[in-house]
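For reference, target-v8.cif (mmCIF, N, CA and C atoms):
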data_upload
loop_
_atom_site.label_atom_id
_atom_site.label_comp_id
_atom_site.auth_asym_id
_atom_site.auth_seq_id
_atom_site.Cartn_x
_atom_site.Cartn_y
_atom_site.Cartn_z
N VAL F 1 0.85 -1.19 0.00
CA VAL F 1 0.00 0.00 0.00
C VAL F 1 0.88 1.24 0.00
N HIS F 2 0.59 2.14 -0.90
CA HIS F 2 1.34 3.40 -0.98
C HIS F 2 0.35 4.55 -0.95
N LEU F 3 0.62 5.51 -0.06
CA LEU F 3 -0.29 6.65 0.13
C LEU F 3 0.46 7.94 -0.10
N VAL F 4 -0.18 8.87 -0.78
CA VAL F 4 0.43 10.18 -1.02
C VAL F 4 -0.60 11.26 -0.73
N GLU F 5 -0.23 12.15 0.19
CA GLU F 5 -1.11 13.27 0.54
C GLU F 5 -0.77 14.49 -0.31
N SER F 6 -1.73 15.37 -0.45
CA SER F 6 -1.52 16.66 -1.10
C SER F 6 -2.56 17.63 -0.57
N GLY F 7 -2.34 18.91 -0.86
CA GLY F 7 -3.32 19.92 -0.49
C GLY F 7 -2.93 20.80 0.68
N GLY F 8 -1.81 20.51 1.30
CA GLY F 8 -1.38 21.34 2.41
C GLY F 8 -0.96 22.72 1.95
N GLY F 9 -0.76 23.62 2.91
CA GLY F 9 -0.32 24.97 2.59
C GLY F 9 -0.65 25.92 3.71
N LEU F 10 -0.59 27.18 3.38
CA LEU F 10 -0.86 28.26 4.35
C LEU F 10 -2.30 28.74 4.17
N VAL F 11 -3.02 28.84 5.27
CA VAL F 11 -4.41 29.31 5.22
C VAL F 11 -4.65 30.21 6.42
N GLN F 12 -5.50 31.19 6.24
CA GLN F 12 -5.82 32.10 7.34
C GLN F 12 -6.83 31.47 8.29
N ALA F 13 -6.76 31.87 9.52
CA ALA F 13 -7.74 31.38 10.51
C ALA F 13 -9.15 31.67 10.02
N GLY F 14 -10.01 30.69 10.22
CA GLY F 14 -11.38 30.81 9.75
C GLY F 14 -11.60 30.28 8.34
N GLY F 15 -10.50 30.02 7.67
CA GLY F 15 -10.59 29.53 6.29
C GLY F 15 -10.76 28.03 6.21
N SER F 16 -10.74 27.53 4.98
CA SER F 16 -10.94 26.10 4.72
C SER F 16 -9.81 25.57 3.85
N ARG F 17 -9.66 24.25 3.93
CA ARG F 17 -8.64 23.58 3.14
C ARG F 17 -9.10 22.16 2.92
N ARG F 18 -8.84 21.63 1.73
CA ARG F 18 -9.15 20.23 1.48
C ARG F 18 -7.87 19.45 1.19
N LEU F 19 -7.62 18.45 1.97
CA LEU F 19 -6.49 17.56 1.77
C LEU F 19 -6.95 16.34 0.98
N SER F 20 -6.03 15.82 0.19
CA SER F 20 -6.31 14.62 -0.60
C SER F 20 -5.29 13.55 -0.28
N CYS F 21 -5.72 12.32 -0.39
CA CYS F 21 -4.85 11.16 -0.18
C CYS F 21 -5.17 10.15 -1.27
N VAL F 22 -4.19 9.87 -2.11
CA VAL F 22 -4.40 8.87 -3.14
C VAL F 22 -3.70 7.57 -2.73
N ALA F 23 -4.43 6.48 -2.86
CA ALA F 23 -3.90 5.17 -2.49
C ALA F 23 -3.57 4.38 -3.74
N SER F 24 -2.47 3.65 -3.68
CA SER F 24 -2.11 2.74 -4.76
C SER F 24 -1.70 1.40 -4.15
N GLY F 25 -1.87 0.36 -4.93
CA GLY F 25 -1.55 -0.98 -4.44
C GLY F 25 -2.69 -1.65 -3.71
N VAL F 26 -3.79 -0.94 -3.58
CA VAL F 26 -4.96 -1.49 -2.89
C VAL F 26 -6.16 -0.65 -3.27
N THR F 27 -7.35 -1.23 -3.19
CA THR F 27 -8.56 -0.44 -3.44
C THR F 27 -9.25 -0.12 -2.11
N LEU F 28 -10.05 0.92 -2.13
CA LEU F 28 -10.61 1.43 -0.89
C LEU F 28 -11.67 0.52 -0.28
N ASP F 29 -12.07 -0.51 -0.98
CA ASP F 29 -12.98 -1.48 -0.37
C ASP F 29 -12.20 -2.52 0.45
N LYS F 30 -10.88 -2.43 0.42
CA LYS F 30 -10.03 -3.37 1.16
C LYS F 30 -9.37 -2.74 2.38
N VAL F 31 -9.25 -1.43 2.40
CA VAL F 31 -8.61 -0.75 3.52
C VAL F 31 -9.45 0.44 3.96
N SER F 32 -9.40 0.69 5.25
CA SER F 32 -9.95 1.92 5.79
C SER F 32 -8.84 2.96 5.77
N ILE F 33 -9.23 4.20 5.59
CA ILE F 33 -8.25 5.29 5.55
C ILE F 33 -8.56 6.27 6.67
N ALA F 34 -7.52 6.62 7.39
CA ALA F 34 -7.64 7.56 8.48
C ALA F 34 -6.74 8.76 8.23
N TRP F 35 -7.12 9.87 8.81
CA TRP F 35 -6.27 11.07 8.82
C TRP F 35 -5.77 11.31 10.24
N PHE F 36 -4.49 11.60 10.35
CA PHE F 36 -3.84 11.95 11.60
C PHE F 36 -3.15 13.30 11.41
N ARG F 37 -2.76 13.89 12.51
CA ARG F 37 -1.90 15.06 12.43
C ARG F 37 -0.93 15.06 13.59
N GLN F 38 0.18 15.75 13.36
CA GLN F 38 1.19 15.90 14.41
C GLN F 38 1.68 17.32 14.41
N ALA F 39 1.43 17.99 15.52
CA ALA F 39 1.90 19.36 15.71
C ALA F 39 3.28 19.31 16.34
N PRO F 40 4.06 20.38 16.18
CA PRO F 40 5.42 20.40 16.76
C PRO F 40 5.38 20.14 18.26
N GLY F 41 6.18 19.20 18.71
CA GLY F 41 6.28 18.90 20.12
C GLY F 41 5.14 18.09 20.68
N LYS F 42 4.24 17.64 19.82
CA LYS F 42 3.08 16.88 20.29
C LYS F 42 3.04 15.51 19.62
N GLU F 43 2.29 14.62 20.24
CA GLU F 43 2.13 13.28 19.67
C GLU F 43 1.19 13.31 18.48
N ARG F 44 1.38 12.33 17.61
CA ARG F 44 0.48 12.19 16.49
C ARG F 44 -0.90 11.78 16.99
N MET F 45 -1.95 12.41 16.47
CA MET F 45 -3.29 12.09 16.92
C MET F 45 -4.22 11.80 15.75
N GLY F 46 -5.12 10.88 15.97
CA GLY F 46 -6.10 10.53 14.95
C GLY F 46 -7.21 11.56 14.88
N LEU F 47 -7.64 11.87 13.67
CA LEU F 47 -8.68 12.88 13.46
C LEU F 47 -9.97 12.28 12.93
N ALA F 48 -9.84 11.42 11.94
CA ALA F 48 -11.03 10.92 11.25
C ALA F 48 -10.67 9.62 10.54
N CYS F 49 -11.69 8.82 10.30
CA CYS F 49 -11.48 7.57 9.59
C CYS F 49 -12.72 7.25 8.78
N ILE F 50 -12.51 6.63 7.61
CA ILE F 50 -13.62 6.18 6.79
C ILE F 50 -13.45 4.68 6.55
N SER F 51 -14.50 3.95 6.86
CA SER F 51 -14.42 2.49 6.88
C SER F 51 -14.46 1.88 5.47
N SER F 52 -13.65 0.83 5.29
CA SER F 52 -13.67 0.08 4.03
C SER F 52 -14.97 -0.69 3.86
N LEU F 53 -15.63 -1.00 4.97
CA LEU F 53 -16.79 -1.90 4.90
C LEU F 53 -17.99 -1.22 4.26
N ASP F 54 -18.32 -0.02 4.81
CA ASP F 54 -19.56 0.61 4.37
C ASP F 54 -19.44 2.12 4.25
N GLY F 55 -18.23 2.63 4.38
CA GLY F 55 -18.04 4.07 4.27
C GLY F 55 -18.42 4.84 5.52
N SER F 56 -18.66 4.13 6.62
CA SER F 56 -18.95 4.83 7.87
C SER F 56 -17.78 5.73 8.24
N THR F 57 -18.10 6.83 8.87
CA THR F 57 -17.06 7.79 9.24
C THR F 57 -17.01 7.97 10.75
N PHE F 58 -15.82 8.26 11.23
CA PHE F 58 -15.58 8.44 12.65
C PHE F 58 -14.68 9.66 12.83
N TYR F 59 -14.93 10.42 13.89
CA TYR F 59 -14.19 11.65 14.11
C TYR F 59 -13.74 11.79 15.56
N ALA F 60 -12.59 12.43 15.72
CA ALA F 60 -12.19 12.85 17.05
C ALA F 60 -13.07 14.02 17.48
N ASP F 61 -13.32 14.12 18.76
CA ASP F 61 -14.18 15.20 19.26
C ASP F 61 -13.65 16.58 18.88
N SER F 62 -12.33 16.69 18.82
CA SER F 62 -11.72 18.00 18.58
C SER F 62 -12.01 18.55 17.19
N VAL F 63 -12.40 17.68 16.25
CA VAL F 63 -12.63 18.16 14.89
C VAL F 63 -14.05 17.88 14.41
N LYS F 64 -14.83 17.21 15.23
CA LYS F 64 -16.20 16.88 14.83
C LYS F 64 -16.97 18.15 14.54
N GLY F 65 -17.64 18.20 13.41
CA GLY F 65 -18.40 19.38 13.02
C GLY F 65 -17.62 20.37 12.19
N ARG F 66 -16.28 20.28 12.21
CA ARG F 66 -15.44 21.17 11.41
C ARG F 66 -14.77 20.45 10.25
N PHE F 67 -14.40 19.20 10.47
CA PHE F 67 -13.71 18.40 9.46
C PHE F 67 -14.65 17.33 8.93
N ALA F 68 -14.47 16.98 7.66
CA ALA F 68 -15.27 15.92 7.07
C ALA F 68 -14.39 15.04 6.19
N ILE F 69 -14.49 13.74 6.40
CA ILE F 69 -13.73 12.78 5.58
C ILE F 69 -14.67 12.17 4.56
N SER F 70 -14.16 11.97 3.36
CA SER F 70 -14.96 11.36 2.31
C SER F 70 -14.04 10.60 1.37
N ARG F 71 -14.63 9.81 0.50
CA ARG F 71 -13.79 9.06 -0.44
C ARG F 71 -14.44 9.04 -1.82
N GLU F 72 -13.59 8.85 -2.80
CA GLU F 72 -14.02 8.72 -4.19
C GLU F 72 -13.40 7.43 -4.72
N ASN F 73 -14.17 6.36 -4.64
CA ASN F 73 -13.61 5.04 -4.94
C ASN F 73 -13.05 4.94 -6.35
N ALA F 74 -13.70 5.58 -7.30
CA ALA F 74 -13.25 5.47 -8.69
C ALA F 74 -11.84 6.01 -8.88
N LYS F 75 -11.46 6.97 -8.04
CA LYS F 75 -10.13 7.56 -8.12
C LYS F 75 -9.20 7.04 -7.04
N ASN F 76 -9.73 6.17 -6.18
CA ASN F 76 -8.95 5.67 -5.04
C ASN F 76 -8.44 6.81 -4.17
N MET F 77 -9.30 7.80 -4.00
CA MET F 77 -8.93 9.01 -3.27
C MET F 77 -9.76 9.14 -1.99
N VAL F 78 -9.13 9.66 -0.97
CA VAL F 78 -9.82 10.04 0.26
C VAL F 78 -9.50 11.50 0.53
N TYR F 79 -10.51 12.22 1.00
CA TYR F 79 -10.35 13.65 1.23
C TYR F 79 -10.60 13.98 2.70
N LEU F 80 -9.99 15.07 3.13
CA LEU F 80 -10.29 15.65 4.43
C LEU F 80 -10.61 17.12 4.20
N GLN F 81 -11.88 17.45 4.30
CA GLN F 81 -12.32 18.84 4.19
C GLN F 81 -12.23 19.48 5.57
N MET F 82 -11.47 20.54 5.66
CA MET F 82 -11.25 21.20 6.95
C MET F 82 -11.82 22.62 6.86
N ASN F 83 -12.75 22.91 7.75
CA ASN F 83 -13.40 24.22 7.77
C ASN F 83 -13.14 24.91 9.11
N SER F 84 -13.39 26.20 9.12
CA SER F 84 -13.22 27.00 10.35
C SER F 84 -11.87 26.71 11.01
N LEU F 85 -10.83 26.78 10.22
CA LEU F 85 -9.50 26.42 10.72
C LEU F 85 -9.01 27.41 11.77
N LYS F 86 -8.26 26.87 12.72
CA LYS F 86 -7.72 27.64 13.82
C LYS F 86 -6.19 27.51 13.81
N PRO F 87 -5.49 28.45 14.40
CA PRO F 87 -4.02 28.32 14.47
C PRO F 87 -3.58 27.00 15.11
N GLU F 88 -4.35 26.50 16.06
CA GLU F 88 -3.97 25.24 16.70
C GLU F 88 -4.17 24.02 15.80
N ASP F 89 -4.74 24.22 14.61
CA ASP F 89 -4.81 23.14 13.63
C ASP F 89 -3.52 23.00 12.83
N THR F 90 -2.58 23.92 13.05
CA THR F 90 -1.30 23.84 12.36
C THR F 90 -0.57 22.56 12.73
N ALA F 91 -0.21 21.79 11.71
CA ALA F 91 0.40 20.48 11.94
C ALA F 91 0.78 19.87 10.60
N VAL F 92 1.51 18.77 10.68
CA VAL F 92 1.69 17.90 9.51
C VAL F 92 0.55 16.89 9.53
N TYR F 93 -0.14 16.78 8.42
CA TYR F 93 -1.29 15.90 8.31
C TYR F 93 -0.90 14.66 7.49
N TYR F 94 -1.27 13.51 8.02
CA TYR F 94 -0.94 12.23 7.40
C TYR F 94 -2.20 11.44 7.12
N CYS F 95 -2.21 10.73 6.00
CA CYS F 95 -3.23 9.71 5.85
C CYS F 95 -2.59 8.35 6.11
N ALA F 96 -3.42 7.41 6.52
CA ALA F 96 -2.93 6.10 6.93
C ALA F 96 -3.96 5.04 6.57
N ALA F 97 -3.45 3.84 6.30
CA ALA F 97 -4.33 2.74 5.93
C ALA F 97 -4.33 1.69 7.02
N ASN F 98 -5.50 1.18 7.32
CA ASN F 98 -5.62 0.03 8.21
C ASN F 98 -6.81 -0.81 7.76
N ARG F 99 -6.89 -2.03 8.30
CA ARG F 99 -7.96 -2.93 7.85
C ARG F 99 -9.32 -2.39 8.26
N LEU F 100 -9.40 -1.98 9.51
CA LEU F 100 -10.62 -1.39 10.04
C LEU F 100 -10.25 -0.16 10.83
N CYS F 101 -11.13 0.82 10.88
CA CYS F 101 -10.90 2.01 11.68
C CYS F 101 -10.63 1.59 13.14
N GLY F 102 -9.56 2.14 13.67
CA GLY F 102 -9.20 1.81 15.04
C GLY F 102 -8.15 0.73 15.16
N ASN F 103 -7.93 -0.02 14.07
CA ASN F 103 -6.88 -1.03 14.08
C ASN F 103 -5.51 -0.37 13.91
N ASP F 104 -4.47 -1.16 14.11
CA ASP F 104 -3.11 -0.65 13.91
C ASP F 104 -2.94 -0.20 12.46
N VAL F 105 -2.20 0.90 12.30
CA VAL F 105 -1.93 1.43 10.97
C VAL F 105 -0.95 0.50 10.26
N GLU F 106 -1.24 0.24 9.00
CA GLU F 106 -0.37 -0.64 8.21
C GLU F 106 0.49 0.14 7.22
N ALA F 107 0.08 1.34 6.88
CA ALA F 107 0.88 2.15 5.96
C ALA F 107 0.59 3.62 6.21
N TRP F 108 1.63 4.43 6.09
CA TRP F 108 1.52 5.88 6.28
C TRP F 108 1.89 6.60 4.99
N GLY F 109 1.26 7.75 4.79
CA GLY F 109 1.74 8.66 3.77
C GLY F 109 2.90 9.47 4.31
N GLN F 110 3.46 10.33 3.47
CA GLN F 110 4.64 11.10 3.86
C GLN F 110 4.28 12.36 4.62
N GLY F 111 3.02 12.76 4.57
CA GLY F 111 2.56 13.93 5.30
C GLY F 111 2.52 15.19 4.45
N THR F 112 1.65 16.09 4.83
CA THR F 112 1.55 17.39 4.17
C THR F 112 1.33 18.46 5.23
N GLN F 113 2.07 19.53 5.13
CA GLN F 113 2.05 20.59 6.16
C GLN F 113 0.86 21.53 5.94
N VAL F 114 0.14 21.77 7.00
CA VAL F 114 -0.92 22.79 7.01
C VAL F 114 -0.55 23.81 8.06
N THR F 115 -0.49 25.07 7.67
CA THR F 115 -0.19 26.14 8.59
C THR F 115 -1.34 27.13 8.57
N VAL F 116 -1.89 27.38 9.75
CA VAL F 116 -3.02 28.31 9.87
C VAL F 116 -2.52 29.57 10.56
N SER F 117 -2.61 30.68 9.87
CA SER F 117 -2.12 31.95 10.43
C SER F 117 -3.27 32.70 11.11
N SER F 118 -2.90 33.39 12.18
CA SER F 118 -3.93 34.12 12.93
C SER F 118 -4.12 35.51 12.37
#

Could the structure of this file be written out as structure tokens, please?
Amino acid sequence: VHLVESGGGLVQAGGSRRLSCVASGVTLDKVSIAWFRQAPGKERMGLACISSLDGSTFYADSVKGRFAISRENAKNMVYLQMNSLKPEDTAVYYCAANRLCGNDVEAWGQGTQVTVSS
């Protein structure tokens, strides 16, 4: 499984950004895809996941209502739509593959930097 993120960059507080993750070597009906982020000096944390089984979505409380995960099976793409961004959302964002949401991660992308300016 190979994952590549894109869409990071600089955005003003209150703005929106959409991250993309393209998967190769596997189809999205075989793996669940999760988004994580890691801010400087902090541990990597899970944000959202979309299930391979039925497309169910799961969110961390900190982003529920602001972030939305979705997938486009025909393109083998997963997206993370981020709205109402805050400076504390500044981090490197990673997509990751696992069999089921909540299971151990089996593959990581290289990450994409999102910086939210105040």

Point to revise | One-decimal distance in Å that lies between atom CA of F:Ser52 and atom N of F:Asp29 | key: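 A separation of 5.3 Å between them.
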
Exercise for review: Go through F:Gly41, F:Phe36, F:Val116, F:Gly46 and flag the residue nearest F:Glu88, using all atoms listed in the file for the distances.
Suggested key: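 Nearest to F:Glu88: F:Val116.
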
Review point. Closest to F:Leu85 among F:Gln38, F:Ser117, F:Ser56, F:Ser24, using only N, CA and C atoms?
Key: F:Ser117

Practice item. From the DSSP assignment of the backbone, select every residue of stretch 18-56 of chain F that is strand (DSSP E or B), and format the answer as a list in words. Key: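 Reading the DSSP output for stretch 18-56 of chain F, strand (DSSP E or B) covers Arg18, Leu19, Ser20, Cys21, Val22, Ala23, Ser24, Ser32, Ile33, Ala34, Trp35, Phe36, Arg37, Gln38, Met45, Gly46, Leu47, Ala48, Cys49 and Ile50 of chain F.
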
Exercise for review: Could you please determine the separation between atom CA of F:Leu53 and atom N of F:Lys30 in Å, to one decimal place?
Suggested key: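 The value is 7.4 Å.
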
Review point. Got a sec: who's within 7 Å of F:Tyr94, counting only N, CA and C atoms, leaving out chain neighbours fewer than 6 positions off, as a ChimeraX atom specification?
Key: /F:5,34-38,108-112

For the residues in that selection, give me N, CA and C atoms as a PDB file, keeping the file's coordinate frame.
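Full text of part.pdb as output:
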ATOM      1  N   GLU F   5      -0.230  12.150   0.190  1.00  0.00           N
ATOM      2  CA  GLU F   5      -1.110  13.270   0.540  1.00  0.00           C
ATOM      3  C   GLU F   5      -0.770  14.490  -0.310  1.00  0.00           C
ATOM      4  N   ALA F  34      -7.520   6.620   7.390  1.00  0.00           N
ATOM      5  CA  ALA F  34      -7.640   7.560   8.480  1.00  0.00           C
ATOM      6  C   ALA F  34      -6.740   8.760   8.230  1.00  0.00           C
ATOM      7  N   TRP F  35      -7.120   9.870   8.810  1.00  0.00           N
ATOM      8  CA  TRP F  35      -6.270  11.070   8.820  1.00  0.00           C
ATOM      9  C   TRP F  35      -5.770  11.310  10.240  1.00  0.00           C
ATOM     10  N   PHE F  36      -4.490  11.600  10.350  1.00  0.00           N
ATOM     11  CA  PHE F  36      -3.840  11.950  11.600  1.00  0.00           C
ATOM     12  C   PHE F  36      -3.150  13.300  11.410  1.00  0.00           C
ATOM     13  N   ARG F  37      -2.760  13.890  12.510  1.00  0.00           N
ATOM     14  CA  ARG F  37      -1.900  15.060  12.430  1.00  0.00           C
ATOM     15  C   ARG F  37      -0.930  15.060  13.590  1.00  0.00           C
ATOM     16  N   GLN F  38       0.180  15.750  13.360  1.00  0.00           N
ATOM     17  CA  GLN F  38       1.190  15.900  14.410  1.00  0.00           C
ATOM     18  C   GLN F  38       1.680  17.320  14.410  1.00  0.00           C
ATOM     19  N   TRP F 108       1.630   4.430   6.090  1.00  0.00           N
ATOM     20  CA  TRP F 108       1.520   5.880   6.280  1.00  0.00           C
ATOM     21  C   TRP F 108       1.890   6.600   4.990  1.00  0.00           C
ATOM     22  N   GLY F 109       1.260   7.750   4.790  1.00  0.00           N
ATOM     23  CA  GLY F 109       1.740   8.660   3.770  1.00  0.00           C
ATOM     24  C   GLY F 109       2.900   9.470   4.310  1.00  0.00           C
ATOM     25  N   GLN F 110       3.460  10.330   3.470  1.00  0.00           N
ATOM     26  CA  GLN F 110       4.640  11.100   3.860  1.00  0.00           C
ATOM     27  C   GLN F 110       4.280  12.360   4.620  1.00  0.00           C
ATOM     28  N   GLY F 111       3.020  12.760   4.570  1.00  0.00           N
ATOM     29  CA  GLY F 111       2.560  13.930   5.300  1.00  0.00           C
ATOM     30  C   GLY F 111       2.520  15.190   4.450  1.00  0.00           C
ATOM     31  N   THR F 112       1.650  16.090   4.830  1.00  0.00           N
ATOM     32  CA  THR F 112       1.550  17.390   4.170  1.00  0.00           C
ATOM     33  C   THR F 112       1.330  18.460   5.230  1.00  0.00           C
TER      34      THR F 112
END

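What separates atom CA of F:Lys86 from atom CA of F:Gly14 is a distance of 6.3 Å.
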
Practice item. For the structure provided, state which residues fall under the PyMOL selection byres ((chain F and resi 71-74) around 8), and present them as a count of residues only. Key: 14

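Shortest atom-to-atom contact with F:Gly7 among F:Ala107, F:Val63, F:Pro87, F:Ser20: F:Ser20, counting only N, CA and C atoms.
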
Review point. If the PyMOL selection byres ((chain F and resi 91) around 5) is run on the structure shown, which residues does it catch, given as number ranges by chain?
Key: F: 38-39, 89-90, 92-93, 113-114

Check your understanding: Can you list, as a ChimeraX atom specification, every protein, DNA or RNA residue that comes within 7 Å of stretch 100-102 of chain F when you count all atoms listed in the file, leaving out same-chain residues fewer than 6 positions away?
Key -> /F:31-33,49-52

Where atoms are missing, can you supply all heavy atoms for stretch 53-62 of chain F and output the lot as a PDB file, in the coordinates of the input?
ATOM      1  N   LEU F  53     -15.630  -1.000   4.970  1.00  0.00           N
ATOM      2  CA  LEU F  53     -16.790  -1.900   4.900  1.00  0.00           C
ATOM      3  C   LEU F  53     -17.990  -1.220   4.260  1.00  0.00           C
ATOM      4  O   LEU F  53     -18.592  -1.753   3.340  1.00  0.00           O
ATOM      5  CB  LEU F  53     -17.150  -2.373   6.307  1.00  0.00           C
ATOM      6  CG  LEU F  53     -16.093  -3.215   7.025  1.00  0.00           C
ATOM      7  CD1 LEU F  53     -16.545  -3.574   8.428  1.00  0.00           C
ATOM      8  CD2 LEU F  53     -15.774  -4.458   6.213  1.00  0.00           C
ATOM      9  N   ASP F  54     -18.320  -0.020   4.810  1.00  0.00           N
ATOM     10  CA  ASP F  54     -19.560   0.610   4.370  1.00  0.00           C
ATOM     11  C   ASP F  54     -19.440   2.120   4.250  1.00  0.00           C
ATOM     12  O   ASP F  54     -20.451   2.809   4.083  1.00  0.00           O
ATOM     13  CB  ASP F  54     -20.700   0.274   5.336  1.00  0.00           C
ATOM     14  CG  ASP F  54     -20.406   0.677   6.769  1.00  0.00           C
ATOM     15  OD1 ASP F  54     -19.339   1.287   7.002  1.00  0.00           O
ATOM     16  OD2 ASP F  54     -21.224   0.383   7.649  1.00  0.00           O
ATOM     17  N   GLY F  55     -18.230   2.630   4.380  1.00  0.00           N
ATOM     18  CA  GLY F  55     -18.040   4.070   4.270  1.00  0.00           C
ATOM     19  C   GLY F  55     -18.420   4.840   5.520  1.00  0.00           C
ATOM     20  O   GLY F  55     -18.488   6.063   5.482  1.00  0.00           O
ATOM     21  N   SER F  56     -18.660   4.130   6.620  1.00  0.00           N
ATOM     22  CA  SER F  56     -18.950   4.830   7.870  1.00  0.00           C
ATOM     23  C   SER F  56     -17.780   5.730   8.240  1.00  0.00           C
ATOM     24  O   SER F  56     -16.626   5.395   7.967  1.00  0.00           O
ATOM     25  CB  SER F  56     -19.192   3.829   9.004  1.00  0.00           C
ATOM     26  OG  SER F  56     -20.322   3.034   8.741  1.00  0.00           O
ATOM     27  N   THR F  57     -18.100   6.830   8.870  1.00  0.00           N
ATOM     28  CA  THR F  57     -17.060   7.790   9.240  1.00  0.00           C
ATOM     29  C   THR F  57     -17.010   7.970  10.750  1.00  0.00           C
ATOM     30  O   THR F  57     -18.026   7.850  11.446  1.00  0.00           O
ATOM     31  CB  THR F  57     -17.300   9.142   8.569  1.00  0.00           C
ATOM     32  OG1 THR F  57     -18.603   9.618   8.913  1.00  0.00           O
ATOM     33  CG2 THR F  57     -17.189   9.024   7.061  1.00  0.00           C
ATOM     34  N   PHE F  58     -15.820   8.260  11.230  1.00  0.00           N
ATOM     35  CA  PHE F  58     -15.580   8.440  12.650  1.00  0.00           C
ATOM     36  C   PHE F  58     -14.680   9.660  12.830  1.00  0.00           C
ATOM     37  O   PHE F  58     -13.783   9.885  12.021  1.00  0.00           O
ATOM     38  CB  PHE F  58     -14.896   7.201  13.234  1.00  0.00           C
ATOM     39  CG  PHE F  58     -15.640   5.925  12.955  1.00  0.00           C
ATOM     40  CD1 PHE F  58     -15.359   5.176  11.823  1.00  0.00           C
ATOM     41  CD2 PHE F  58     -16.631   5.479  13.826  1.00  0.00           C
ATOM     42  CE1 PHE F  58     -16.055   4.009  11.545  1.00  0.00           C
ATOM     43  CE2 PHE F  58     -17.323   4.309  13.565  1.00  0.00           C
ATOM     44  CZ  PHE F  58     -17.046   3.575  12.422  1.00  0.00           C
ATOM     45  N   TYR F  59     -14.930  10.420  13.890  1.00  0.00           N
ATOM     46  CA  TYR F  59     -14.190  11.650  14.110  1.00  0.00           C
ATOM     47  C   TYR F  59     -13.740  11.790  15.560  1.00  0.00           C
ATOM     48  O   TYR F  59     -14.434  11.370  16.484  1.00  0.00           O
ATOM     49  CB  TYR F  59     -15.075  12.864  13.771  1.00  0.00           C
ATOM     50  CG  TYR F  59     -15.451  12.940  12.320  1.00  0.00           C
ATOM     51  CD1 TYR F  59     -16.653  12.409  11.867  1.00  0.00           C
ATOM     52  CD2 TYR F  59     -14.605  13.541  11.387  1.00  0.00           C
ATOM     53  CE1 TYR F  59     -17.005  12.468  10.532  1.00  0.00           C
ATOM     54  CE2 TYR F  59     -14.946  13.606  10.050  1.00  0.00           C
ATOM     55  CZ  TYR F  59     -16.144  13.059   9.628  1.00  0.00           C
ATOM     56  OH  TYR F  59     -16.486  13.122   8.309  1.00  0.00           O
ATOM     57  N   ALA F  60     -12.590  12.430  15.720  1.00  0.00           N
ATOM     58  CA  ALA F  60     -12.190  12.850  17.050  1.00  0.00           C
ATOM     59  C   ALA F  60     -13.070  14.020  17.480  1.00  0.00           C
ATOM     60  O   ALA F  60     -13.488  14.835  16.649  1.00  0.00           O
ATOM     61  CB  ALA F  60     -10.722  13.270  17.034  1.00  0.00           C
ATOM     62  N   ASP F  61     -13.320  14.120  18.760  1.00  0.00           N
ATOM     63  CA  ASP F  61     -14.180  15.200  19.260  1.00  0.00           C
ATOM     64  C   ASP F  61     -13.650  16.580  18.880  1.00  0.00           C
ATOM     65  O   ASP F  61     -14.419  17.501  18.649  1.00  0.00           O
ATOM     66  CB  ASP F  61     -14.318  15.091  20.779  1.00  0.00           C
ATOM     67  CG  ASP F  61     -15.189  13.924  21.202  1.00  0.00           C
ATOM     68  OD1 ASP F  61     -15.935  13.393  20.354  1.00  0.00           O
ATOM     69  OD2 ASP F  61     -15.123  13.542  22.390  1.00  0.00           O
ATOM     70  N   SER F  62     -12.330  16.690  18.820  1.00  0.00           N
ATOM     71  CA  SER F  62     -11.720  18.000  18.580  1.00  0.00           C
ATOM     72  C   SER F  62     -12.010  18.550  17.190  1.00  0.00           C
ATOM     73  O   SER F  62     -11.882  19.752  16.968  1.00  0.00           O
ATOM     74  CB  SER F  62     -10.213  17.921  18.814  1.00  0.00           C
ATOM     75  OG  SER F  62      -9.624  16.968  17.955  1.00  0.00           O
TER      76      SER F  62
END
